[in-house]
$ cat data-v2.txt   # compact mmCIF, C-alpha atoms
# COMPACT_ATOMS: atom_id res chain seq x y z
CA MET P 29 1.31 9.50 20.46
CA GLU P 30 -0.81 6.36 20.68
CA MET P 31 -3.52 5.34 18.33
CA CYS P 32 -6.49 4.99 20.64
CA THR P 33 -6.80 8.70 21.13
CA ASN P 34 -7.39 9.60 17.52
CA THR P 35 -9.00 6.73 15.68
CA ASP P 36 -12.15 8.61 14.89
CA SER P 37 -10.58 10.80 12.30
CA GLU P 38 -11.03 7.83 9.99
CA ASN P 39 -14.16 5.77 10.18
CA GLY P 40 -14.05 4.96 13.85
CA SER P 41 -14.17 1.25 13.32
CA VAL P 42 -10.99 0.01 14.98
CA ILE P 43 -11.27 -3.16 17.02
CA LEU P 44 -8.49 -4.54 19.21
CA ILE P 45 -7.78 -8.16 18.38
CA LYS P 46 -4.57 -9.00 20.14
CA GLN P 47 -1.99 -7.47 22.41
CA GLY P 48 1.57 -8.66 22.73
CA ALA P 49 4.67 -7.45 24.46
CA GLU P 50 5.72 -5.16 21.63
CA ALA P 51 2.55 -4.29 19.79
CA ARG P 52 -1.22 -4.18 19.65
CA VAL P 53 -3.11 -5.56 16.69
CA PHE P 54 -6.39 -4.00 15.55
CA GLU P 55 -8.85 -4.78 12.83
CA SER P 56 -10.05 -1.89 10.71
CA VAL P 57 -10.95 -0.77 7.20
CA PHE P 58 -8.49 0.80 4.77
CA VAL P 59 -10.15 2.53 1.83
CA GLY P 60 -12.94 -0.02 1.74
CA LYS P 61 -10.79 -3.09 2.37
CA ARG P 62 -10.63 -5.02 5.58
CA SER P 63 -7.25 -4.42 7.19
CA ILE P 64 -5.06 -5.12 10.16
CA ILE P 65 -3.31 -2.31 12.01
CA LYS P 66 -0.26 -3.20 14.01
CA GLU P 67 0.70 -0.53 16.50
CA ARG P 68 4.04 -0.67 18.21
CA PHE P 69 3.66 1.00 21.51
CA SER P 70 6.10 3.17 23.36
CA LYS P 71 7.64 1.81 26.44
CA LYS P 72 7.21 4.40 29.15
CA TYR P 73 10.25 3.24 31.03
CA ARG P 74 12.50 4.31 28.21
CA HIS P 75 13.85 7.80 27.77
CA PRO P 76 11.39 9.45 25.29
CA SER P 77 13.88 10.37 22.58
CA LEU P 78 15.46 6.92 22.69
CA ASP P 79 12.02 5.36 22.71
CA SER P 80 10.78 7.11 19.61
CA LYS P 81 14.02 6.39 17.74
CA LEU P 82 13.89 2.71 18.61
CA THR P 83 10.23 2.28 17.82
CA LEU P 84 10.60 4.02 14.49
CA LYS P 85 13.68 1.99 13.67
CA ARG P 86 11.84 -1.25 14.35
CA LEU P 87 8.82 -0.10 12.35
CA ASN P 88 10.96 0.69 9.34
CA ALA P 89 12.87 -2.56 9.74
CA GLU P 90 9.66 -4.53 9.67
CA ALA P 91 8.49 -2.76 6.52
CA ARG P 92 11.86 -3.42 4.87
CA CYS P 93 11.87 -7.09 5.89
CA MET P 94 8.40 -7.56 4.55
CA THR P 95 9.37 -6.03 1.22
CA LYS P 96 12.49 -8.15 1.03
CA ALA P 97 10.58 -11.31 1.88
CA ARG P 98 8.16 -10.60 -0.95
CA ARG P 99 11.02 -10.06 -3.37
CA LEU P 100 12.33 -13.48 -2.42
CA GLY P 101 8.98 -15.00 -3.30
CA VAL P 102 7.60 -15.47 0.21
CA SER P 103 3.92 -14.68 0.46
CA THR P 104 3.12 -12.05 3.08
CA PRO P 105 0.09 -9.83 3.67
CA VAL P 106 0.09 -6.74 1.47
CA LEU P 107 1.35 -3.62 3.27
CA TYR P 108 -1.20 -0.86 2.82
CA ALA P 109 0.30 1.99 4.86
CA LEU P 110 2.99 2.95 7.32
CA ASP P 111 2.51 5.76 9.79
CA ALA P 112 5.74 6.99 11.35
CA VAL P 113 3.92 9.30 13.75
CA LEU P 114 1.45 6.80 15.16
CA HIS P 115 3.99 3.94 14.86
CA THR P 116 1.55 1.76 12.93
CA LEU P 117 1.69 -0.61 10.00
CA THR P 118 -1.52 -1.27 8.12
CA PHE P 119 -1.74 -4.62 6.37
CA GLU P 120 -4.20 -6.54 4.30
CA TYR P 121 -6.56 -8.64 6.41
CA VAL P 122 -5.89 -12.13 5.14
CA GLU P 123 -9.09 -14.17 5.34
CA GLY P 124 -8.46 -17.74 6.29
CA PRO P 125 -7.52 -20.01 9.19
CA SER P 126 -4.13 -20.00 10.84
CA VAL P 127 -2.03 -23.12 10.42
CA LYS P 128 -2.36 -23.56 14.17
CA ASP P 129 -6.15 -23.77 13.85
CA ILE P 130 -5.91 -26.18 10.96
CA PHE P 131 -3.62 -28.46 12.94
CA LEU P 132 -5.89 -28.26 15.97
CA GLU P 133 -8.75 -29.29 13.71
CA PHE P 134 -6.63 -32.20 12.53
CA GLY P 135 -6.19 -33.16 16.14
CA LEU P 136 -9.95 -33.14 16.69
CA SER P 137 -11.27 -34.72 13.54
CA GLY P 138 -8.33 -36.58 12.04
CA VAL P 139 -5.41 -35.64 9.87
CA ILE P 140 -5.87 -35.05 6.16
CA GLN P 141 -2.44 -36.27 5.09
CA GLU P 142 -2.43 -34.52 1.77
CA ARG P 143 -3.22 -31.16 3.26
CA LEU P 144 -0.69 -31.64 6.02
CA ASP P 145 2.00 -32.46 3.48
CA ASP P 146 1.10 -29.47 1.38
CA ILE P 147 1.26 -27.07 4.31
CA ALA P 148 4.49 -28.51 5.67
CA THR P 149 6.08 -28.23 2.24
CA GLN P 150 4.99 -24.62 1.90
CA ILE P 151 6.37 -23.76 5.34
CA GLY P 152 9.73 -25.35 4.53
CA ASP P 153 9.77 -23.66 1.16
CA ALA P 154 9.03 -20.22 2.62
CA ILE P 155 11.63 -20.52 5.36
CA GLY P 156 14.19 -21.82 2.88
CA LYS P 157 13.63 -18.78 0.70
CA LEU P 158 13.90 -16.44 3.67
CA HIS P 159 17.13 -18.01 4.83
CA ASP P 160 18.61 -18.02 1.36
CA GLY P 161 17.86 -14.32 1.23
CA GLY P 162 19.55 -13.65 4.54
CA LEU P 163 16.36 -13.10 6.49
CA VAL P 164 15.37 -14.81 9.70
CA HIS P 165 11.68 -15.04 10.55
CA GLY P 166 12.08 -14.11 14.19
CA ASP P 167 8.71 -15.34 15.35
CA LEU P 168 8.14 -18.67 13.71
CA THR P 169 4.95 -20.15 15.12
CA THR P 170 1.92 -21.74 13.51
CA SER P 171 -0.26 -18.87 14.68
CA ASN P 172 1.79 -16.56 12.47
CA MET P 173 0.94 -18.48 9.33
CA LEU P 174 -2.38 -18.29 7.55
CA ILE P 175 -3.85 -20.23 4.67
CA ARG P 176 -5.68 -17.85 2.37
CA ASN P 177 -9.35 -18.78 1.86
CA GLY P 178 -10.14 -20.15 -1.55
CA THR P 179 -6.52 -21.05 -2.30
CA ASN P 180 -4.04 -23.25 -0.55
CA GLN P 181 -1.54 -20.47 -0.29
CA LEU P 182 0.43 -20.05 2.91
CA VAL P 183 0.82 -16.44 4.03
CA SER P 184 3.56 -15.63 6.56
CA CYS P 185 2.94 -12.78 8.94
CA TYR P 186 5.17 -10.61 11.09
CA ILE P 187 8.53 -11.29 9.56
CA LEU P 188 10.68 -9.17 11.78
CA VAL P 189 14.34 -9.83 11.57
CA ASN P 190 16.92 -8.80 9.06
CA MET N 12 -15.37 8.63 -13.82
CA LYS N 13 -15.59 7.19 -10.36
CA VAL N 14 -15.53 8.70 -6.91
CA PHE N 15 -13.86 6.96 -3.98
CA GLU N 16 -14.13 7.81 -0.32
CA ILE N 17 -10.92 8.06 1.65
CA ASN N 18 -10.77 9.19 5.26
CA GLY N 19 -13.76 11.49 5.04
CA ASN N 20 -12.52 13.00 1.76
CA THR N 21 -13.30 11.96 -1.80
CA LEU N 22 -11.07 11.19 -4.75
CA SER N 23 -12.49 11.41 -8.27
CA LEU N 24 -10.71 9.39 -10.94
CA ALA N 25 -11.20 9.56 -14.71
CA LEU N 26 -9.25 7.62 -17.34
CA PHE N 27 -8.41 8.95 -20.82
CA THR N 28 -6.79 7.45 -23.92
CA ASP N 29 -5.74 9.08 -27.22
CA VAL N 30 -4.83 12.25 -25.34
CA THR N 31 -3.37 14.78 -27.78
CA ASN N 32 -2.74 17.86 -25.66
CA SER N 33 -0.36 16.55 -22.97
CA LYS N 34 2.16 19.23 -23.79
CA GLU N 35 -0.39 21.96 -23.06
CA LEU N 36 -1.54 20.24 -19.89
CA LEU N 37 2.04 19.88 -18.72
CA ASP N 38 2.76 23.54 -19.47
CA SER N 39 -0.30 24.85 -17.59
CA MET N 40 0.49 22.57 -14.72
CA GLN N 41 4.05 23.77 -14.43
CA ALA N 42 2.94 27.39 -14.69
CA GLY N 43 0.52 26.71 -11.85
CA LYS N 44 -2.35 27.80 -14.08
CA LEU N 45 -4.28 24.56 -14.09
CA ASP N 46 -7.87 25.21 -13.13
CA PRO N 47 -9.24 23.23 -11.39
CA GLU N 48 -6.15 21.75 -9.77
CA VAL N 49 -5.86 18.12 -10.80
CA ALA N 50 -3.26 15.35 -10.74
CA PHE N 51 -2.30 13.71 -14.04
CA LEU N 52 -0.87 10.24 -13.70
CA ASN N 53 0.84 8.06 -16.26
CA ALA N 54 -1.84 5.42 -16.57
CA SER N 55 0.46 2.76 -18.03
CA LEU N 56 1.92 2.41 -14.55
CA ILE N 57 -1.51 1.79 -13.05
CA PRO N 58 -2.87 -1.78 -13.24
CA ASP N 59 -5.64 -1.12 -10.72
CA VAL N 60 -7.12 1.73 -8.69
CA PHE N 61 -6.09 0.39 -5.31
CA PRO N 62 -2.45 1.57 -5.35
CA VAL N 63 -3.71 5.02 -6.35
CA LEU N 64 -6.07 4.99 -3.36
CA ALA N 65 -3.21 3.96 -1.07
CA ALA N 66 -1.13 6.85 -2.42
CA ALA N 67 -4.11 9.15 -1.91
CA HIS N 68 -4.51 7.98 1.68
CA LYS N 69 -0.85 8.74 2.32
CA THR N 70 -1.27 12.16 0.71
CA LEU N 71 -4.28 13.08 2.85
CA ILE N 72 -2.49 12.11 6.05
CA ALA N 73 0.52 14.24 5.10
CA LYS N 74 -1.76 17.17 4.32
CA SER N 75 -3.58 16.84 7.63
CA ARG N 76 -0.23 17.02 9.41
CA GLU N 77 0.94 19.90 7.24
CA SER N 78 3.88 17.82 6.10
CA LEU N 79 3.56 17.76 2.31
CA THR N 80 6.84 17.13 0.55
CA THR N 81 5.77 18.74 -2.72
CA ARG N 82 4.01 22.04 -3.35
CA THR N 83 0.41 20.98 -3.76
CA LEU N 84 -1.95 18.23 -2.68
CA HIS N 85 -2.22 16.95 -6.22
CA SER N 86 1.49 16.94 -7.00
CA GLU N 87 1.88 15.06 -3.73
CA LEU N 88 -0.46 12.36 -5.02
CA VAL N 89 1.74 11.87 -8.07
CA TYR N 90 4.88 11.82 -5.89
CA ASN N 91 3.34 9.29 -3.52
CA TYR N 92 2.47 6.93 -6.35
CA SER N 93 6.18 6.49 -6.95
CA GLY N 94 8.43 3.84 -5.45
CA SER N 95 11.27 6.34 -5.33
CA LYS N 96 11.92 9.11 -2.84
CA HIS N 97 13.49 11.31 -5.49
CA ILE N 98 10.91 14.02 -6.08
CA THR N 99 11.74 15.24 -9.60
CA GLU N 100 12.25 11.74 -10.91
CA SER N 101 9.02 10.54 -9.36
CA LEU N 102 6.96 13.41 -10.74
CA LYS N 103 8.41 12.79 -14.19
CA ARG N 104 7.87 9.03 -14.18
CA CYS N 105 4.48 8.83 -12.52
CA GLY N 106 3.12 12.03 -13.99
CA ILE N 107 2.63 12.85 -17.65
CA SER N 108 5.18 13.87 -20.25
CA GLU N 109 4.82 15.84 -23.48
CA ASN N 110 3.80 12.84 -25.47
CA SER N 111 1.68 10.95 -22.95
CA SER N 112 -1.46 9.65 -24.56
CA TYR N 113 -2.84 7.52 -21.75
CA VAL N 114 -3.66 9.55 -18.65
CA LEU N 115 -5.47 9.09 -15.35
CA ALA N 116 -6.85 12.35 -13.96
CA ALA N 117 -7.40 12.58 -10.20
CA ARG N 118 -8.86 15.31 -8.04
CA PHE N 119 -9.58 15.38 -4.32
CA ASN N 120 -12.98 16.54 -3.10
CA ALA N 121 -14.15 17.50 -6.57
CA SER N 122 -17.65 18.67 -7.30
CA PRO N 123 -19.37 17.18 -10.37
CA ASP N 124 -18.89 20.54 -12.14
CA GLU N 125 -15.19 20.51 -11.43
CA MET N 126 -14.88 17.02 -12.88
CA LYS N 127 -16.74 18.17 -15.98
CA ALA N 128 -14.21 21.00 -16.24
CA VAL N 129 -11.39 18.46 -15.97
CA GLU N 130 -12.94 16.43 -18.78
CA ARG N 131 -13.05 19.54 -20.95
CA LEU N 132 -9.39 20.29 -20.24
CA ILE N 133 -8.27 16.98 -21.69
CA ASN N 134 -8.34 16.31 -25.43
CA GLY N 135 -8.92 12.61 -25.34
CA LYS N 136 -11.43 9.83 -25.02
CA GLU N 137 -12.69 8.89 -21.58
CA ILE N 138 -12.78 5.16 -20.92
CA ASP N 139 -13.87 2.96 -18.05
CA LEU N 140 -11.50 2.41 -15.11
CA GLU N 141 -11.95 -1.33 -15.64
CA GLU N 142 -9.67 -1.00 -18.66
CA LEU N 143 -6.68 -0.14 -16.44
CA GLU N 144 -5.73 -3.76 -15.97
CA GLY N 145 -5.56 -4.60 -19.64
CA LYS N 146 -3.65 -1.50 -20.66
CA ALA N 147 -1.01 -1.44 -17.94
CA ASP N 148 2.60 -1.75 -19.11
CA GLN N 149 3.85 -4.68 -17.05
CA ALA N 150 7.48 -4.37 -18.13
CA GLN N 151 7.63 -0.69 -17.24
CA ILE N 152 5.98 -1.34 -13.90
CA GLN N 153 8.37 -4.17 -13.06
CA LYS N 154 11.29 -1.95 -13.92
CA HIS N 155 10.19 1.17 -12.03
CA TYR N 156 9.10 -0.66 -8.91
CA LYS N 157 11.88 -3.29 -9.07
CA ILE N 158 9.46 -6.19 -8.87
CA SER N 159 11.15 -9.56 -9.19
CA GLY N 160 9.87 -12.66 -10.96
CA PRO N 161 9.46 -14.63 -7.70
CA GLU N 162 7.42 -11.79 -6.28
CA LEU N 163 4.97 -11.91 -9.19
CA GLY N 164 4.50 -15.57 -8.44
CA ILE N 165 3.02 -14.75 -5.04
CA SER N 166 1.39 -11.42 -5.68
CA THR N 167 -0.44 -9.31 -8.21
CA LEU N 168 1.21 -6.28 -9.77
CA ALA N 169 -1.20 -3.98 -7.93
CA ASP N 170 -0.34 -5.49 -4.55
CA ALA N 171 3.38 -5.23 -5.22
CA ILE N 172 2.99 -1.56 -6.11
CA THR N 173 0.87 -0.91 -3.01
CA CYS N 174 3.59 -2.40 -0.79
CA ARG N 175 6.22 -0.19 -2.37
CA ILE N 176 4.06 2.89 -1.96
CA ALA N 177 3.46 2.13 1.70
CA ALA N 178 7.02 1.18 2.57
CA ARG N 179 8.81 3.77 0.47
CA ASP N 180 9.79 6.08 3.29
CA ALA N 181 11.05 3.19 5.39
CA LEU N 182 13.37 1.83 2.74

$ encode --input "data-v2.txt" --output "structure tokens"
Amino acid sequence: MEMCTNTDSENGSVILIKQGAEARVFESVFVGKRSIIKERFSKKYRHPSLDSKLTLKRLNAEARCMTKARRLGVSTPVLYALDAVLHTLTFEYVEGPSVKDIFLEFGLSGVIQERLDDIATQIGDAIGKLHDGGLVHGDLTTSNMLIRNGTNQLVSCYILVN
Amino acid sequence: MKVFEINGNTLSLALFTDVTNSKELLDSMQAGKLDPEVAFLNASLIPDVFPVLAAAHKTLIAKSRESLTTRTLHSELVYNYSGSKHITESLKRCGISENSSYVLAARFNASPDEMKAVERLINGKEIDLEELEGKADQAQIQKHYKISGPELGISTLADAITCRIAARDAL
């Protein structure tokens, strides 16, 4: 069952932001708060019972990894809901630029050394904590890291691997 | 008393302190004689309304798929507020006990009259939901939800609870 066919049972406002090889990312609202819905889609080439088992397993693994990362002190978006039937994870929408965008900005208008140092330290710190806890990020790119607006806090998204 | 909208339904929440008749409430609840049907939550475990709303969202989805784990919609709300999958334990911890004096009452799709009836059922003083933060028992919350020190450094108590509520069935 894929999400697009029954979004309107909620408030109908689901907007596709990104599509990758494994999942689609939507923006929506969860009980009044802006949220991100990550939907893992089924691969039609797989046998259906294998497909649903795999997708569910990966969904649960992602939720577990995220919880473990938080316990280790790594900042991640807050998980709002998990839907085993629709294969979706609903997260907090973190407002703020991605580290990639910040670095691109540095490229255009000059590097702010202090900020660069702060971000780099936070990245190293987060990864160190993950590794100490036996977790591997799995998709370590600057587009998967956000700096929360109003703070200088680095938020790591999509930690996948146990 | 405040009403929240969730998925086309509403959830009415009212907070009470100095509650003296928890034993009676518990007894009527267990006898299934509570009228109107309402969920009683142990408010010391609630630092903010958001985790309750997340639990309510989960409850409504389960109801719409006819896959409630507990007997009623309202007992399901209490169960879903827990970080544990163990039903009896969750209902005991997150619900009220005989000597609970600090209670959050919750009812789905309640009319104003029904909420007035709920207020009459409870022998206590109604206070503003804003007081939840100040009266939450941090130690108890940390223990029940297994929230570590490092985690509190990067998150609020409410967010940590919300994550546990959402991920419970995956853990």

$ closest_residue --input "data-v2.txt" --among "P:Ser70, P:Gln181, P:Ser77, P:Gln150" --to "chain N" --atoms "all atoms listed in the file"
P:Gln181

$ closest_residue --input "data-v2.txt" --among "P:Phe54, P:Phe131, P:Phe69, P:Tyr186" --to "His165 of chain P" --atoms "only C-alpha atoms"
P:Tyr186

$ interface_residues --input "data-v2.txt" --of "chain P" --to "chain N" --cutoff "10 Å" --atoms "all atoms listed in the file" --output "PyMOL selection string"
chain P and resi 36-39+58-61+84-85+87-113+117-120+181-183

$ closest_residue --input "data-v2.txt" --among "P:Met173, P:Val57, P:Leu158, P:Leu168" --to "Cys185 of chain P" --atoms "all atoms listed in the file"
P:Met173

$ axis_aligned_box --input "data-v2.txt" --around "segment 152-162 of chain P" --padding-each-side "8 Å" --output "lines of an AutoDock Vina configuration file"
center_x = 14.3
center_y = -19.5
center_z = 3.0
size_x = 26.5
size_y = 27.7
size_z = 20.7

$ atom_distance --input "data-v2.txt" --atom1 "atom CA of Ser95 of chain N" --atom2 "atom CA of Val49 of chain N"
21.5 Å
